[in-house]
$ cat protein16.cif   # mmCIF, C-alpha atoms
data_work
#
loop_
_atom_site.label_atom_id
_atom_site.label_comp_id
_atom_site.auth_asym_id
_atom_site.auth_seq_id
_atom_site.Cartn_x
_atom_site.Cartn_y
_atom_site.Cartn_z
CA MET A 3 18.19 -3.01 15.65
CA GLY A 4 18.63 -3.31 11.95
CA LYS A 5 20.80 -3.39 8.92
CA ASP A 6 20.78 0.03 7.36
CA ASN A 7 19.45 1.14 4.00
CA ARG A 8 18.60 4.83 3.56
CA ARG A 9 16.77 5.24 0.28
CA ARG A 10 14.87 8.54 0.26
CA ASN A 11 11.55 9.05 -1.45
CA ASN A 12 9.03 11.62 -0.25
CA LYS A 13 5.54 10.13 0.08
CA LYS A 14 2.34 11.31 1.71
CA LYS A 15 2.22 9.87 5.23
CA TYR A 16 -0.59 7.57 6.28
CA ASN A 17 -2.72 9.36 8.87
CA ASP A 18 -6.39 8.91 9.81
CA GLY A 19 -6.25 10.35 13.34
CA TYR A 20 -5.59 7.04 15.13
CA VAL A 21 -3.14 7.27 18.07
CA PRO A 22 -1.12 4.03 18.42
CA GLN A 23 -0.64 2.46 21.84
CA GLY A 24 2.83 1.84 23.25
CA ASP A 25 5.89 3.48 24.72
CA ALA A 26 6.66 6.88 23.16
CA ALA A 27 10.34 6.11 22.75
CA ALA A 28 9.58 2.79 21.05
CA LEU A 29 7.13 4.49 18.69
CA ALA A 30 9.82 7.03 17.77
CA THR A 31 12.24 4.30 16.67
CA PRO A 32 13.45 5.15 13.12
CA LEU A 33 12.68 2.74 10.29
CA GLU A 34 16.33 1.91 9.69
CA SER A 35 16.69 0.77 13.32
CA LEU A 36 13.90 -1.84 13.30
CA GLY A 37 16.15 -4.69 12.16
CA LEU A 38 14.38 -5.16 8.82
CA SER A 39 15.97 -6.51 5.67
CA GLU A 40 17.23 -4.01 3.16
CA LYS A 41 14.50 -4.92 0.66
CA THR A 42 11.65 -4.52 3.18
CA GLU A 43 13.10 -1.29 4.52
CA GLY A 44 13.33 0.18 1.02
CA ILE A 45 9.74 -0.80 0.19
CA LEU A 46 8.40 0.77 3.40
CA ARG A 47 10.43 3.96 2.93
CA ASP A 48 9.08 4.32 -0.62
CA GLY A 49 5.59 3.93 0.90
CA GLY A 50 6.12 6.88 3.26
CA VAL A 51 7.00 4.92 6.43
CA THR A 52 9.73 6.56 8.53
CA SER A 53 9.29 5.18 12.03
CA ALA A 54 7.66 2.48 14.14
CA ARG A 55 4.77 4.91 14.81
CA ASP A 56 3.80 4.86 11.13
CA LEU A 57 3.60 1.07 11.21
CA SER A 58 1.63 0.89 14.48
CA LYS A 59 -1.03 3.18 12.95
CA ARG A 60 -1.90 0.54 10.36
CA ARG A 61 -3.85 -2.65 10.64
CA ALA A 62 -2.13 -5.77 9.35
CA GLY A 63 -4.49 -5.90 6.37
CA GLU A 64 -3.74 -2.27 5.49
CA MET A 65 -0.04 -3.05 5.04
CA TYR A 66 -0.89 -4.59 1.67
CA ARG A 67 -1.88 -1.13 0.39
CA ILE A 68 1.84 -0.31 0.26
CA ARG A 69 3.23 -1.23 -3.11
CA TYR A 70 5.25 -4.50 -3.23
CA VAL A 71 4.32 -5.43 0.38
CA GLY A 72 3.40 -9.12 0.72
CA LYS A 73 2.84 -11.66 3.46
CA ARG A 74 6.57 -12.13 4.05
CA GLU A 75 7.12 -8.39 4.61
CA CYS A 76 4.10 -8.19 6.98
CA LEU A 77 5.42 -11.04 9.13
CA GLU A 78 8.86 -9.45 9.24
CA VAL A 79 7.43 -6.08 10.33
CA ALA A 80 5.19 -7.71 12.96
CA ALA A 81 8.21 -9.49 14.49
CA ALA A 82 10.20 -6.23 14.57
CA LEU A 83 7.33 -4.38 16.29
CA LYS A 84 6.90 -7.19 18.83
CA LYS A 85 10.55 -6.86 19.79
CA LEU A 86 9.87 -3.22 20.69
CA GLY A 87 6.71 -4.08 22.61
CA LEU A 88 4.46 -2.75 19.81
CA ALA A 89 1.93 -4.23 17.42
CA PHE A 90 -0.26 -3.37 14.45
CA ARG A 91 -3.50 -1.48 14.99
CA PRO A 92 -6.24 -3.87 16.25
CA GLU A 93 -8.76 -5.04 13.69
CA GLU A 94 -12.30 -3.71 14.04
CA PRO A 95 -14.82 -6.39 15.13
CA LYS A 96 -17.14 -7.50 12.36
CA PRO A 97 -20.85 -6.85 12.99
CA GLU A 98 -22.83 -9.96 13.79
CA ALA A 99 -24.99 -11.18 10.94
CA GLN A 100 -28.65 -10.56 11.61
CA GLU A 101 -30.93 -13.52 11.34
CA LYS A 102 -33.32 -13.33 8.44
CA GLN A 103 -36.91 -12.81 9.52
CA PRO A 104 -39.42 -15.24 7.99
CA ALA A 105 -41.70 -13.69 5.44
CA ASN A 106 -45.14 -12.85 6.82
CA LYS A 107 -46.90 -13.03 3.49
CA LEU A 108 -47.34 -16.29 1.70
CA GLN A 109 -46.65 -16.49 -1.99
CA GLY A 110 -48.17 -18.40 -4.88
CA LYS A 111 -50.72 -21.08 -4.22
CA ASP A 112 -50.26 -20.92 -0.43
CA ARG A 113 -51.82 -17.45 -0.23
CA ALA A 114 -55.21 -17.68 1.49
CA LEU A 115 -58.30 -16.44 -0.33
CA PRO A 116 -61.20 -14.62 1.33
CA GLU A 117 -63.99 -16.86 2.44
CA GLY A 118 -66.41 -17.67 -0.37
CA LYS A 119 -63.94 -16.48 -3.08
CA ASN A 120 -63.38 -18.77 -6.06
CA ARG A 121 -59.91 -18.63 -7.64
CA ASN A 122 -61.21 -19.45 -11.12
CA ALA A 123 -64.03 -16.87 -10.98
CA ASP A 124 -61.75 -13.92 -11.80
CA LYS A 125 -60.27 -15.88 -14.70
CA ASP A 126 -63.69 -16.47 -16.21
CA VAL A 127 -64.60 -12.78 -15.89
CA ARG A 128 -61.39 -11.67 -17.63
CA GLN A 129 -61.95 -14.09 -20.52
CA LYS A 130 -65.51 -12.84 -20.95
CA GLN A 131 -64.40 -9.19 -21.01
CA GLY A 132 -61.73 -9.99 -23.58
CA THR A 133 -64.28 -11.63 -25.88
CA GLN A 134 -66.61 -8.62 -25.71
CA SER A 135 -63.84 -6.12 -26.48
CA GLY A 136 -62.73 -8.25 -29.44
CA ALA A 137 -66.26 -8.23 -30.82
CA GLN A 138 -66.48 -4.46 -30.60
CA ASN A 139 -63.22 -3.94 -32.54
CA LYS A 140 -64.37 -4.81 -36.03
CA PRO A 141 -61.85 -5.34 -38.93
CA SER A 142 -62.95 -2.09 -40.62
CA ASP A 143 -62.28 -0.12 -37.43
CA ARG A 144 -58.82 -1.61 -37.09
CA ASN A 145 -57.91 -0.76 -40.68
CA GLN A 146 -59.02 2.83 -40.19
CA GLY A 147 -56.83 3.04 -37.06
CA LYS A 148 -53.76 1.80 -38.95
CA GLN A 149 -54.34 4.27 -41.77
CA SER A 150 -54.59 7.23 -39.38
CA ASP A 151 -51.36 6.18 -37.60
CA LYS A 152 -49.58 5.96 -40.96
CA ASN A 153 -50.65 9.48 -41.89
CA LYS A 154 -49.42 10.84 -38.55
CA ASN A 155 -45.99 9.22 -39.04
CA GLN A 156 -45.68 10.70 -42.54
CA GLN A 157 -46.50 14.18 -41.28
CA LYS A 158 -43.98 13.83 -38.43
CA GLY A 159 -41.26 12.70 -40.88
CA LYS A 160 -41.87 15.72 -43.10
CA GLN A 161 -41.58 18.02 -40.10
CA ASP A 162 -38.26 16.41 -39.08
CA ASN A 163 -36.89 16.85 -42.60
CA ARG A 164 -37.82 20.55 -42.57
CA GLU A 165 -35.97 20.99 -39.26
CA GLU A 166 -32.83 19.33 -40.67
CA LYS A 167 -32.92 21.50 -43.81
CA ASN A 168 -33.20 24.68 -41.72
CA GLY A 169 -30.02 23.75 -39.85
CA ARG A 170 -31.65 22.95 -36.54
CA PRO A 171 -30.60 19.68 -34.85
CA LYS A 172 -33.13 16.89 -34.86
CA TYR A 173 -32.29 15.98 -31.24
CA ASP A 174 -30.97 18.10 -28.41
CA TYR A 175 -27.70 16.41 -27.40
CA LYS A 176 -24.10 17.32 -26.60
CA PRO A 177 -21.30 15.63 -28.53
CA TYR A 178 -18.73 13.52 -26.67
CA ASP A 179 -15.26 13.04 -28.09
CA ASN A 180 -13.52 9.69 -27.64
CA VAL A 181 -15.98 8.50 -24.97
CA ASN A 182 -17.52 5.04 -25.17
CA LEU A 183 -20.76 3.77 -23.67
CA HIS A 184 -19.04 2.56 -20.47
CA ASP A 185 -17.57 6.03 -19.90
CA LEU A 186 -20.96 7.70 -20.48
CA VAL A 187 -22.65 5.45 -17.91
CA TYR A 188 -19.99 5.15 -15.24
CA GLY A 189 -17.87 8.20 -15.92
CA LYS A 190 -14.45 8.39 -17.55
CA ARG A 191 -11.68 7.40 -15.16
CA GLU A 192 -7.97 7.47 -15.81
CA ARG A 193 -5.52 5.52 -13.67
CA PRO A 194 -2.49 7.64 -12.75
CA ALA A 195 0.85 6.38 -13.95
CA PRO A 196 2.85 4.66 -11.18
CA GLU A 197 5.69 6.69 -9.76
CA LYS A 198 9.10 5.13 -10.10
CA PRO A 199 11.40 5.28 -7.07
CA LYS A 200 13.99 7.98 -7.35
CA LYS A 201 17.55 6.73 -7.61
CA GLU A 202 20.43 8.38 -5.84
CA GLN A 203 22.51 10.60 -8.09
CA LEU A 204 25.93 9.08 -8.64
CA THR A 205 29.12 11.15 -8.29
CA PRO A 206 32.76 10.28 -9.04
CA ASP A 207 33.12 9.33 -5.35
CA SER A 208 30.11 6.98 -5.34
CA ILE A 209 30.60 3.29 -4.57
CA VAL A 210 27.65 1.11 -5.58
CA LYS A 211 27.02 -2.44 -4.40
CA PHE A 212 26.08 -5.19 -6.87
CA CYS A 213 25.23 -8.88 -6.81
CA ARG A 214 26.61 -11.63 -9.02
CA GLN A 215 25.70 -15.31 -8.62
CA GLY A 216 24.43 -14.75 -5.08
CA LYS A 217 27.54 -12.87 -3.88
CA TRP A 218 27.91 -9.14 -3.28
CA GLY A 219 30.63 -6.67 -4.21
CA TYR A 220 31.10 -3.00 -5.14
CA LYS A 221 31.55 -0.93 -8.32
CA ASP A 222 32.46 2.70 -8.97
CA TRP A 223 30.06 5.18 -10.54
CA LYS A 224 31.09 4.10 -14.07
CA GLY A 225 30.46 0.40 -13.41
CA ASN A 226 34.06 -0.69 -12.92
CA VAL A 227 34.46 -3.42 -10.29
CA LEU A 228 36.28 -2.12 -7.21
CA ILE A 229 35.61 -5.04 -4.83
CA GLN A 230 34.92 -8.49 -6.18
CA PRO A 231 31.61 -10.13 -5.16
CA VAL A 232 32.73 -12.41 -2.31
CA TYR A 233 30.32 -11.43 0.50
CA ASP A 234 27.05 -13.09 1.46
CA ASN A 235 25.47 -9.66 1.93
CA ALA A 236 26.64 -6.08 1.62
CA TYR A 237 25.35 -2.66 2.62
CA SER A 238 25.99 0.85 1.40
CA PHE A 239 29.12 2.75 2.38
CA ARG A 240 28.61 5.28 5.17
CA GLU A 241 31.46 7.41 6.49
CA ASP A 242 34.07 5.35 4.55
CA ARG A 243 32.85 2.09 6.10
CA ALA A 244 30.55 -0.62 4.78
CA CYS A 245 28.95 -3.43 6.76
CA VAL A 246 29.37 -6.82 5.03
CA GLU A 247 28.33 -10.35 5.94
CA LYS A 248 30.30 -13.56 5.73
CA ASP A 249 29.43 -16.98 7.17
CA GLY A 250 26.49 -15.49 9.08
CA LEU A 251 28.53 -12.80 10.89
CA LEU A 252 28.93 -9.08 10.21
CA GLY A 253 32.04 -6.96 9.95
CA TYR A 254 33.21 -3.72 8.33
CA ILE A 255 35.52 -2.94 5.39
CA ASP A 256 36.92 0.30 3.93
CA ASN A 257 36.74 1.38 0.29
CA LYS A 258 39.98 -0.53 -0.43
CA ASN A 259 38.39 -3.79 0.77
CA HIS A 260 40.55 -3.88 3.90
CA LEU A 261 38.84 -5.66 6.78
CA VAL A 262 38.81 -2.88 9.40
CA ILE A 263 36.52 -4.61 11.94
CA ASP A 264 36.46 -8.41 12.13
CA PHE A 265 33.41 -10.60 11.45
CA LYS A 266 31.97 -11.17 14.92
CA TYR A 267 28.63 -9.40 15.19
CA ASP A 268 25.18 -10.93 14.84
CA SER A 269 23.58 -7.64 13.76
CA ALA A 270 24.85 -4.14 13.10
CA THR A 271 23.96 -0.74 11.66
CA SER A 272 25.88 1.50 9.29
CA PHE A 273 28.09 4.14 10.82
CA SER A 274 26.36 7.40 11.71
CA GLU A 275 28.01 10.33 13.44
CA GLY A 276 31.14 8.23 13.96
CA LEU A 277 29.50 5.32 15.78
CA ALA A 278 27.66 2.15 14.86
CA ALA A 279 25.30 0.02 16.96
CA VAL A 280 26.30 -3.66 17.02
CA SER A 281 25.07 -6.71 18.89
CA ILE A 282 26.41 -10.08 19.94
CA GLY A 283 23.71 -12.47 20.97
CA GLU A 284 20.94 -10.59 22.81
CA LYS A 285 23.06 -7.60 23.95
CA SER A 286 23.97 -4.46 22.01
CA GLY A 287 26.53 -1.68 22.29
CA TYR A 288 28.40 0.92 20.22
CA ILE A 289 31.79 0.89 18.45
CA ASP A 290 33.88 3.50 16.64
CA LYS A 291 35.34 3.24 13.11
CA ASP A 292 38.35 1.28 14.35
CA GLY A 293 36.25 -1.29 16.16
CA ASN A 294 36.88 0.06 19.65
CA GLU A 295 34.00 -0.52 22.06
CA VAL A 296 32.73 2.93 23.07
CA LEU A 297 29.71 1.68 25.04
CA PRO A 298 29.66 -1.91 26.39
CA MET A 299 27.25 -4.62 25.27
CA GLU A 300 24.65 -3.93 27.94
CA PHE A 301 21.57 -2.78 26.03
CA ASP A 302 18.67 -4.96 24.94
CA VAL A 303 17.96 -2.63 21.98
CA ALA A 304 20.20 0.03 20.43
CA THR A 305 19.55 2.15 17.33
CA GLY A 306 21.82 4.21 15.08
CA PHE A 307 22.38 7.89 15.79
CA GLU A 308 20.29 10.52 14.05
CA ASN A 309 20.57 14.23 14.82
CA GLY A 310 22.75 13.46 17.83
CA LYS A 311 20.27 11.05 19.47
CA ALA A 312 19.77 7.27 19.60
CA ILE A 313 17.11 5.11 21.24
CA VAL A 314 18.15 2.36 23.69
CA ARG A 315 16.41 -0.08 26.01
CA GLN A 316 17.79 -1.76 29.12
CA ASP A 317 16.00 -3.89 31.71
CA GLY A 318 12.62 -2.93 30.30
CA ARG A 319 13.32 0.83 30.38
CA TRP A 320 13.62 3.06 27.32
CA GLY A 321 15.98 5.97 27.08
CA VAL A 322 17.57 8.51 24.74
CA LEU A 323 21.35 8.30 24.26
CA ASP A 324 23.12 11.62 23.67
CA ARG A 325 25.98 11.55 21.15
CA GLU A 326 28.16 14.20 22.81
CA THR A 327 27.97 13.02 26.41
CA LEU A 328 27.24 9.31 25.69
CA LYS A 329 24.82 9.40 28.61
CA VAL A 330 21.30 8.01 28.64
CA LEU A 331 18.25 10.01 29.63
CA TRP A 332 15.96 7.31 30.99
CA ARG A 333 12.20 7.56 30.70
#
$ encode --input "protein16.cif" --output "structure tokens"
Amino acid sequence: MGKDNRRRNNKKKYNDGYVPQGDAAALATPLESLGLSEKTEGILRDGGVTSARDLSKRRAGEMYRIRYVGKRECLEVAAALKKLGLAFRPEEPKPEAQEKQPANKLQGKDRALPEGKNRNADKDVRQKQGTQSGAQNKPSDRNQGKQSDKNKNQQKGKQDNREEKNGRPKYDYKPYDNVNLHDLVYGKRERPAPEKPKKEQLTPDSIVKFCRQGKWGYKDWKGNVLIQPVYDNAYSFREDRACVEKDGLLGYIDNKNHLVIDFKYDSATSFSEGLAAVSIGEKSGYIDKDGNEVLPMEFDVATGFENGKAIVRQDGRWGVLDRETLKVLWR
């Protein structure tokens, strides 16, 4: 069960065809009901994560592909999944390193020579052949060769000049605009600009939380302070109630900073469809906006309502709680 933060940002969901293992109801647990901190929940929601199923599809190392996810966030997510009886996708075993085979052929001086073969014999033959070829190439012959090469280069240069004068390109190439050598070799690549998270549009009725010197309070949409920063932690207003923390316990206030529900809960969710899931110790239940206990503290896990349904667990069984009848359909 978690503290609620519902920032919306549409992202492409992570999906490679892997089917995570675990109870179907646990996998369907919404992100805001996993008991994560507000910062971690916001980062995961911006990364396209909406439920425990999306997290169970990933390996622990693949969590770092989500922007701003670090080791602390991974440990927090792993603990939340473990509480639901889930885990990250198992890592693939690394292939065993193959032992290097010794080279069959010997190199250098260790290479064996055929029987009766002298290593220095080939060297003597090559030196003798070089001396004979040098004697055949007389100085006059070499000078004639240089002169003929010079004449050929002059004729080629004249031909190139004629081609340039006639308007024909000297070389057949295609021009590149604003492309350097690295781009020509490896291809031009442009990194897309990072997308900034979309902020909620403020209205005259909006109440925004803020932090000052480690304490939390609330402002109106123009920035005027409505509630002074006196709380250890604060969460967004939902249905005219906001969950706030003081001295390690959670309670609820209204928009006039009246304490509607006393500080006595170890964890809680924001109000949704008139009810909020709260817990004291290891047991969870549901209360209304006045703090009345609608369902007793008898569940091991309880999530907030969404579309008239909530996920609960009791004595190892998972079930779906209906908002209208307040009855559980056990799996």
$ closest_atom_pairs --input "protein16.cif" --of "range 8-62 of chain A" --to "range 312-326 of chain A" --cutoff "9 Å" --atoms "all atoms listed in the file" --output "JSON lines"
{"residue": "A:Asp25", "atom": "CA", "partner": "A:Trp320", "partner_atom": "CA", "distance": 8.2}
{"residue": "A:Ala26", "atom": "CA", "partner": "A:Trp320", "partner_atom": "CA", "distance": 9.0}
{"residue": "A:Ala27", "atom": "CA", "partner": "A:Trp320", "partner_atom": "CA", "distance": 6.4}
{"residue": "A:Ala28", "atom": "CA", "partner": "A:Trp320", "partner_atom": "CA", "distance": 7.5}
{"residue": "A:Ala30", "atom": "CA", "partner": "A:Ile313", "partner_atom": "CA", "distance": 8.3}
{"residue": "A:Thr31", "atom": "CA", "partner": "A:Ile313", "partner_atom": "CA", "distance": 6.7}
{"residue": "A:Pro32", "atom": "CA", "partner": "A:Ile313", "partner_atom": "CA", "distance": 8.9}
$ resolve_selection --input "protein16.cif" --expression "the PyMOL selection byres ((chain A and resi 296-300) around 9)" --output "number ranges by chain"
A: 277, 280-282, 285-290, 293-295, 301-302, 316, 328
$ write_last_selection --input "protein16.cif" --atoms "C-alpha atoms" --output "short mmCIF file (atom, residue, chain, number, x, y, z; two decimals), in the frame of the given file"
data_model
loop_
_atom_site.label_atom_id
_atom_site.label_comp_id
_atom_site.auth_asym_id
_atom_site.auth_seq_id
_atom_site.Cartn_x
_atom_site.Cartn_y
_atom_site.Cartn_z
CA LEU A 277 29.50 5.32 15.78
CA VAL A 280 26.30 -3.66 17.02
CA SER A 281 25.07 -6.71 18.89
CA ILE A 282 26.41 -10.08 19.94
CA LYS A 285 23.06 -7.60 23.95
CA SER A 286 23.97 -4.46 22.01
CA GLY A 287 26.53 -1.68 22.29
CA TYR A 288 28.40 0.92 20.22
CA ILE A 289 31.79 0.89 18.45
CA ASP A 290 33.88 3.50 16.64
CA GLY A 293 36.25 -1.29 16.16
CA ASN A 294 36.88 0.06 19.65
CA GLU A 295 34.00 -0.52 22.06
CA PHE A 301 21.57 -2.78 26.03
CA ASP A 302 18.67 -4.96 24.94
CA GLN A 316 17.79 -1.76 29.12
CA LEU A 328 27.24 9.31 25.69
#
$ atom_distance --input "protein16.cif" --atom1 "CA of Ala236 in chain A" --atom2 "CA of Tyr267 in chain A"
14.1 Å
$ resolve_selection --input "protein16.cif" --expression "the PyMOL selection byres ((chain A and resi 29) around 12)" --output "PyMOL selection string"
chain A and resi 21-28+30-33+35-36+52-59+82-90+313+320
$ resolve_selection --input "protein16.cif" --expression "the PyMOL selection byres ((chain A and resi 207-220) around 9)" --output "VMD selection string"
chain A and resid 203 to 206 221 to 223 225 to 239 246 257
$ atom_distance --input "protein16.cif" --atom1 "CA of Phe265 in chain A" --atom2 "CA of Arg240 in chain A"
17.7 Å
$ closest_residue --input "protein16.cif" --among "A:Gly49, A:Phe273, A:Arg74, A:Leu252" --to "Glu197 in chain A" --atoms "only C-alpha atoms"
A:Gly49
$ closest_residue --input "protein16.cif" --among "A:Glu78, A:Asp242, A:Asp292, A:Leu251" --to "Gly37 in chain A" --atoms "all atoms listed in the file"
A:Glu78
$ closest_residue --input "protein16.cif" --among "A:Glu64, A:Asp48, A:Asp256, A:Glu241" --to "Ala278 in chain A" --atoms "only C-alpha atoms"
A:Glu241
$ atom_distance --input "protein16.cif" --atom1 "CA of Lys73 in chain A" --atom2 "CA of Thr42 in chain A"
11.3 Å
$ residues_near_point --input "protein16.cif" --point "(21.6, -1.1, 17.3)" --cutoff "6 Å" --atoms "only C-alpha atoms" --output "number ranges by chain"
A: 3, 279-280, 304-306
$ closest_residue --input "protein16.cif" --among "A:Asp249, A:Gly276, A:Pro92, A:Glu284" --to "Gly310 in chain A" --atoms "only C-alpha atoms"
A:Gly276
$ closest_residue --input "protein16.cif" --among "A:Leu261, A:Gly72, A:Thr327, A:Glu308" --to "Glu34 in chain A" --atoms "only C-alpha atoms"
A:Glu308
